[in-house]
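structure03.cif follows; it contains mmCIF, C-alpha atoms.
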```cif
data_data
#
loop_
_atom_site.label_atom_id
_atom_site.label_comp_id
_atom_site.auth_asym_id
_atom_site.auth_seq_id
_atom_site.Cartn_x
_atom_site.Cartn_y
_atom_site.Cartn_z
CA GLN A 29 77.57 87.03 171.55
CA GLN A 30 76.79 86.40 167.92
CA HIS A 31 73.75 84.18 167.84
CA ALA A 32 70.05 84.88 167.49
CA SER A 33 69.59 86.78 170.75
CA ALA A 34 70.93 89.62 172.83
CA GLY A 35 72.18 87.01 175.23
CA ALA A 36 70.94 83.52 175.96
CA ALA A 37 70.91 81.30 179.01
CA SER A 38 71.48 77.99 177.29
CA ALA A 39 71.14 74.51 178.72
CA ASP A 40 73.84 73.23 176.35
CA GLU A 41 76.53 75.89 176.73
CA GLY A 42 79.25 73.45 175.79
CA ARG A 43 77.88 72.57 172.36
CA ARG A 44 78.08 76.13 170.99
CA PRO A 45 80.82 76.34 168.32
CA GLN A 46 83.88 78.36 169.28
CA LEU A 47 86.53 80.04 167.16
CA GLY A 48 89.56 81.61 168.78
CA GLY A 49 87.71 82.01 172.06
CA HIS A 50 84.84 83.98 170.49
CA THR A 51 81.31 82.82 169.78
CA VAL A 52 80.48 82.67 166.08
CA HIS A 53 77.15 82.82 164.25
CA CYS A 54 75.00 79.85 165.17
CA LYS A 55 71.34 80.04 164.17
CA ASP A 56 70.44 76.67 165.66
CA CYS A 57 72.03 77.20 169.09
CA PHE A 58 69.09 79.19 170.44
CA ARG A 59 65.99 77.12 171.18
CA PHE A 60 62.63 78.77 171.71
CA GLY A 61 60.83 77.65 174.82
CA ARG A 62 64.04 76.50 176.45
CA ASP A 63 66.66 79.23 176.19
CA VAL A 64 65.97 82.77 177.39
CA VAL A 65 66.78 86.01 175.56
CA VAL A 66 68.41 88.40 178.04
CA PRO A 67 67.99 92.09 177.14
CA SER A 68 71.27 93.97 176.92
CA ALA A 69 72.05 96.52 179.62
CA VAL A 70 73.05 100.09 178.74
CA LEU A 71 75.76 101.81 180.77
CA PRO A 72 74.41 104.33 183.35
CA VAL A 73 76.38 107.22 181.82
CA ASP A 74 74.83 106.48 178.43
CA VAL A 75 71.36 106.14 179.98
CA ALA A 76 71.66 109.60 181.54
CA ARG A 77 72.74 111.14 178.24
CA LEU A 78 69.99 109.42 176.23
CA LYS A 79 67.30 110.49 178.71
CA ALA A 80 68.58 114.07 178.72
CA PHE A 81 68.00 114.36 174.96
CA ASN A 82 64.65 112.52 174.92
CA ARG A 83 62.24 115.02 173.33
CA ALA A 84 58.46 115.01 173.18
CA GLN A 85 57.03 113.59 169.96
CA GLU A 86 55.88 116.97 168.64
CA ASP A 87 59.35 118.48 169.16
CA ARG A 88 61.29 115.87 167.19
CA GLN A 89 62.78 117.30 164.01
CA LEU A 90 64.35 114.24 162.37
CA LEU A 91 62.60 111.40 160.62
CA ALA A 92 65.23 108.72 161.31
CA CYS A 93 68.81 108.23 162.44
CA PHE A 94 71.62 105.71 162.71
CA HIS A 95 75.29 106.17 163.57
CA GLY A 96 77.61 103.23 164.12
CA GLU A 97 80.48 101.08 162.97
CA HIS A 98 80.33 99.14 159.71
CA ALA A 99 82.45 97.20 157.22
CA LYS A 100 83.93 100.38 155.73
CA THR A 101 84.43 102.27 158.97
CA LYS A 102 87.46 104.55 159.16
CA THR A 103 87.85 104.42 162.94
CA ARG A 104 89.75 101.11 163.30
CA ASP A 105 90.89 98.54 160.76
CA ASP A 106 90.16 95.61 163.08
CA VAL A 107 86.58 96.79 163.60
CA ALA A 108 86.00 97.05 159.85
CA GLN A 109 87.55 93.62 159.38
CA GLY A 110 85.22 92.17 162.01
CA TYR A 111 82.18 93.32 160.04
CA ARG A 112 83.64 92.02 156.79
CA GLU A 113 84.34 88.61 158.34
CA VAL A 114 80.66 88.06 159.10
CA ASN A 115 79.61 89.55 155.74
CA GLU A 116 77.54 92.23 157.46
CA THR A 117 75.90 94.30 154.70
CA VAL A 118 72.72 95.86 156.12
CA ARG A 119 74.60 98.74 157.77
CA LEU A 120 76.21 99.61 154.45
CA ALA A 121 72.75 99.51 152.87
CA VAL A 122 71.45 101.93 155.51
CA LEU A 123 74.29 104.34 154.75
CA LYS A 124 73.76 104.02 151.00
CA HIS A 125 70.01 104.63 151.02
CA PHE A 126 69.64 107.07 153.96
CA GLU A 127 72.83 109.12 154.25
CA ASP A 128 71.75 111.87 151.87
CA LYS A 129 68.02 111.80 152.56
CA PRO A 130 66.29 114.88 154.08
CA GLU A 131 65.45 114.85 157.78
CA THR A 132 67.84 111.99 158.59
CA SER A 133 71.16 111.68 160.41
CA VAL A 134 73.03 108.58 159.25
CA GLY A 135 76.72 107.73 159.22
CA GLY A 136 79.62 106.40 161.25
CA PRO A 137 80.13 106.90 165.01
CA HIS A 138 79.27 110.44 166.10
CA MET A 139 79.55 112.31 169.42
CA GLY A 140 76.05 113.70 168.93
CA TYR A 141 74.36 110.32 168.48
CA SER A 142 72.34 110.56 171.71
CA PHE A 143 70.98 113.92 170.57
CA PHE A 144 70.07 112.53 167.16
CA MET A 145 68.20 109.60 168.73
CA GLY A 146 66.24 111.86 171.05
CA ASN A 147 65.40 114.16 168.15
CA SER A 148 64.24 111.39 165.76
CA HIS A 149 60.91 109.64 165.38
CA PHE A 150 62.56 106.42 164.20
CA CYS A 151 65.88 104.83 165.11
CA LEU A 152 67.22 102.43 162.50
CA ILE A 153 68.48 99.29 164.26
CA PRO A 154 70.55 97.26 161.78
CA LYS A 155 72.18 94.07 163.02
CA GLY A 156 75.77 94.30 164.20
CA ARG A 157 78.42 91.62 163.86
CA GLY A 158 75.90 89.34 165.54
CA PHE A 159 72.12 89.32 165.14
CA TRP A 160 71.57 91.85 167.92
CA THR A 161 72.85 95.33 168.80
CA VAL A 162 72.72 97.46 171.95
CA ARG A 163 71.24 100.25 169.80
CA LEU A 164 67.85 98.60 170.28
CA TYR A 165 67.91 99.13 174.04
CA GLU A 166 69.32 102.64 173.73
CA ALA A 167 66.25 103.54 171.66
CA PHE A 168 63.93 103.00 174.62
CA TYR A 169 65.82 105.53 176.75
CA SER A 170 65.69 108.09 173.93
CA GLY A 171 61.98 107.54 173.23
CA CYS A 172 62.76 106.62 169.63
CA ILE A 173 60.70 104.04 167.70
CA PRO A 174 63.01 101.13 166.79
CA VAL A 175 63.08 99.99 163.17
CA LEU A 176 64.50 96.46 163.40
CA LEU A 177 66.75 95.43 160.52
CA SER A 178 67.84 91.97 161.62
CA ASP A 179 65.86 89.09 160.13
CA SER A 180 67.06 86.39 162.55
CA TYR A 181 66.93 88.33 165.81
CA ALA A 182 65.03 86.57 168.61
CA LEU A 183 63.55 89.41 170.66
CA PRO A 184 63.31 89.44 174.46
CA PHE A 185 59.94 88.54 175.95
CA GLN A 186 58.35 88.21 172.51
CA THR A 187 56.01 85.39 173.52
CA TRP A 188 53.98 87.81 175.69
CA LEU A 189 55.21 91.31 174.74
CA ASP A 190 53.70 92.58 171.48
CA TRP A 191 56.65 94.23 169.73
CA SER A 192 54.45 95.44 166.87
CA LYS A 193 52.96 98.01 169.27
CA PHE A 194 56.24 99.87 169.74
CA SER A 195 58.54 98.95 166.85
CA LEU A 196 58.72 98.22 163.14
CA LYS A 197 60.53 95.29 161.55
CA TRP A 198 61.61 95.62 157.94
CA PRO A 199 63.35 92.95 155.78
CA MET A 200 67.12 93.51 155.72
CA GLU A 201 67.36 92.94 151.99
CA ARG A 202 64.78 95.67 151.30
CA VAL A 203 66.37 98.64 153.07
CA GLY A 204 66.55 100.44 149.74
CA ASP A 205 63.11 99.28 148.66
CA GLY A 206 60.79 101.90 150.08
CA LEU A 207 61.79 102.01 153.77
CA TYR A 208 62.59 105.73 153.78
CA GLU A 209 59.39 106.50 151.86
CA HIS A 210 57.35 104.34 154.25
CA LEU A 211 58.68 106.13 157.33
CA LYS A 212 58.11 109.52 155.71
CA MET A 213 54.53 108.53 154.80
CA LEU A 214 53.80 107.47 158.40
CA VAL A 215 54.93 110.82 159.82
CA ALA A 216 53.20 112.85 157.10
CA GLU A 217 49.94 110.94 156.72
CA GLN A 218 49.46 108.61 159.68
CA ARG A 219 50.34 110.68 162.72
CA ASP A 220 48.00 108.61 164.85
CA VAL A 221 50.04 105.49 164.07
CA VAL A 222 53.30 107.27 164.93
CA GLU A 223 51.78 108.63 168.15
CA ALA A 224 50.62 105.13 169.14
CA LEU A 225 54.12 103.75 168.48
CA HIS A 226 55.73 106.51 170.56
CA THR A 227 53.29 105.72 173.37
CA GLY A 228 54.13 102.05 173.04
CA VAL A 229 57.87 102.80 173.36
CA ARG A 230 57.28 104.75 176.58
CA GLU A 231 55.10 102.01 178.02
CA ALA A 232 57.47 99.16 177.11
CA ALA A 233 60.68 100.91 178.21
CA CYS A 234 60.38 99.66 181.79
CA TRP A 235 60.89 96.06 180.61
CA PHE A 236 64.45 96.99 179.55
CA ASP A 237 65.54 99.42 182.30
CA TYR A 238 67.92 97.62 184.67
CA HIS A 239 69.01 100.73 186.53
CA ALA A 240 65.94 102.30 188.11
CA PRO A 241 62.80 100.18 187.77
CA GLU A 242 59.92 102.57 188.46
CA SER A 243 57.20 99.94 188.55
CA SER A 244 56.81 96.92 190.81
CA SER A 245 55.10 95.13 187.92
CA CYS A 246 57.43 95.99 185.02
CA SER A 247 61.21 95.49 184.90
CA PRO A 248 63.71 93.28 183.06
CA TYR A 249 64.18 91.32 186.27
CA LEU A 250 60.48 90.50 186.42
CA GLY A 251 60.47 89.73 182.71
CA LEU A 252 63.32 87.26 183.09
CA MET A 253 61.67 85.62 186.11
CA ARG A 254 58.49 85.25 184.07
CA GLU A 255 60.44 83.61 181.26
CA LEU A 256 62.20 81.24 183.68
CA ALA A 257 58.95 80.37 185.47
CA ALA A 258 57.45 79.36 182.13
CA ARG A 259 60.23 76.81 181.73
CA THR A 260 59.64 75.01 185.02
CA ASP A 261 56.84 72.95 186.48
CA ARG A 262 56.16 75.83 188.86
CA GLY A 263 54.74 79.23 188.00
CA ASP A 264 51.31 80.28 186.85
CA SER A 265 52.26 81.29 183.30
CA LYS A 266 53.28 78.60 180.81
CA VAL A 267 54.36 80.93 178.02
CA GLY A 268 57.05 80.19 175.50
CA VAL A 269 57.21 76.43 175.98
CA ASP A 270 56.93 75.61 172.29
CA SER A 271 60.47 74.74 171.23
CA SER A 272 59.68 75.65 167.63
CA GLY A 273 59.02 79.24 168.69
CA PRO A 274 57.66 82.13 166.62
CA LYS A 275 58.99 82.56 163.11
CA LEU A 276 62.05 84.82 163.15
CA GLN A 277 61.55 86.20 159.66
CA ARG A 278 58.23 87.86 160.40
CA TYR A 279 57.88 91.56 159.68
CA TRP A 280 55.59 94.38 160.80
CA PHE A 281 55.57 97.91 159.47
#
```

Encoded form (structure tokens):
Amino acid sequence: QQHASAGAASADEGRRPQLGGHTVHCKDCFRFGRDVVVPSAVLPVDVARLKAFNRAQEDRQLLACFHGEHAKTKTRDDVAQGYREVNETVRLAVLKHFEDKPETSVGGPHMGYSFFMGNSHFCLIPKGRGFWTVRLYEAFYSGCIPVLLSDSYALPFQTWLDWSKFSLKWPMERVGDGLYEHLKMLVAEQRDVVEALHTGVREAACWFDYHAPESSSCSPYLGLMRELAARTDRGDSKVGVDSSGPKLQRYWF
């Protein structure tokens, strides 16, 4: 799904443009206050691996990490072509500006990616071929602070869940303009901020865990029901009914 959400329950499914049976980029298909952003699920086997490598904050040795496919990937020609077709450049910018930096692990797909996530303070989350990527939801299982690099990404539950308490959002076009230095400064000089963000990740993780909800008051199922209730005449909470929605290109870091 390559529109401004992880997935969207749309009232006008038929009007979304199609190309060869695949959804293409469509910034105006998602409507705040009407459509619902559905958080992506992570496979159980990946969840178990990510949790196994989830280290305590004080034991993390890496500043930041990202490993994934991109427009110059060597794994498969069709995958590289897919990124080129949508002119995806932020992943290449991440590789260019982070690959050789100290205390980072950045590159193409890697068998040790779960370990790197669990050993990093920050997980770089550049957009994929669409506006979203499953990497965001993997970060919660690894206890890694997401650094969102997707300007037009509509986040799940963002009308009532304060994402600034457990993530950073940096402009895509400025990956090489001080992002590494900013993250390094936070860890070196503002440990209280980093600690608060780590705590926020742990506290928010239950909203994205489909497999074993530990709380009767926090799960993606409850979050989705809350979103749906806000779009009906029933329900106590009327959140997210403004069709204009929050501004997508808003940043916090």

### Query
Taking only C-alpha atoms into account, which of A:Glu231, A:Leu120, A:Ser68, A:Pro154 comes nearest Thr101 (chain A)?
A:Leu120

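Note that the spacing between CA of Asp106 (chain A) and CA of Gly158 (chain A) amounts to 15.8 Å.
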
### Task
Name all residues at most 10 Å from region 169-173 of chain A (count only C-alpha atoms; drop same-chain ones fewer than 5 positions away) and give them as a PyMOL selection string.
chain A and resi 70+74-85+88+92-93+142-153+164+193-196+222+225-230+233-234+236-237

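Between CA of Met253 (chain A) and CA of Phe168 (chain A) the separation is 21.0 Å.
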
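Closest approach to Leu211 (chain A) among A:Pro174, A:Pro67, A:Pro184, A:Gly140 is made by A:Pro174 (distances from all atoms listed in the file).
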
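The space between CA of Arg278 (chain A) and CA of Phe60 (chain A) spans 15.2 Å.
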
### Task
Determine the residue set returned by the PyMOL selection byres ((chain A and resi 212) around 12) for the present structure, and present it as a VMD selection string.
chain A and resid 90 to 92 126 129 to 132 148 to 150 206 to 211 213 to 219 222

### Task
Kindly provide, as a ChimeraX atom specification, the polymer residues lying within 12 Å of (77.7, 97.7, 157.0), counting all atoms listed in the file and using the coordinates exactly as they appear in the file.
/A:94-101,107-125,135-136,153-157,177,200
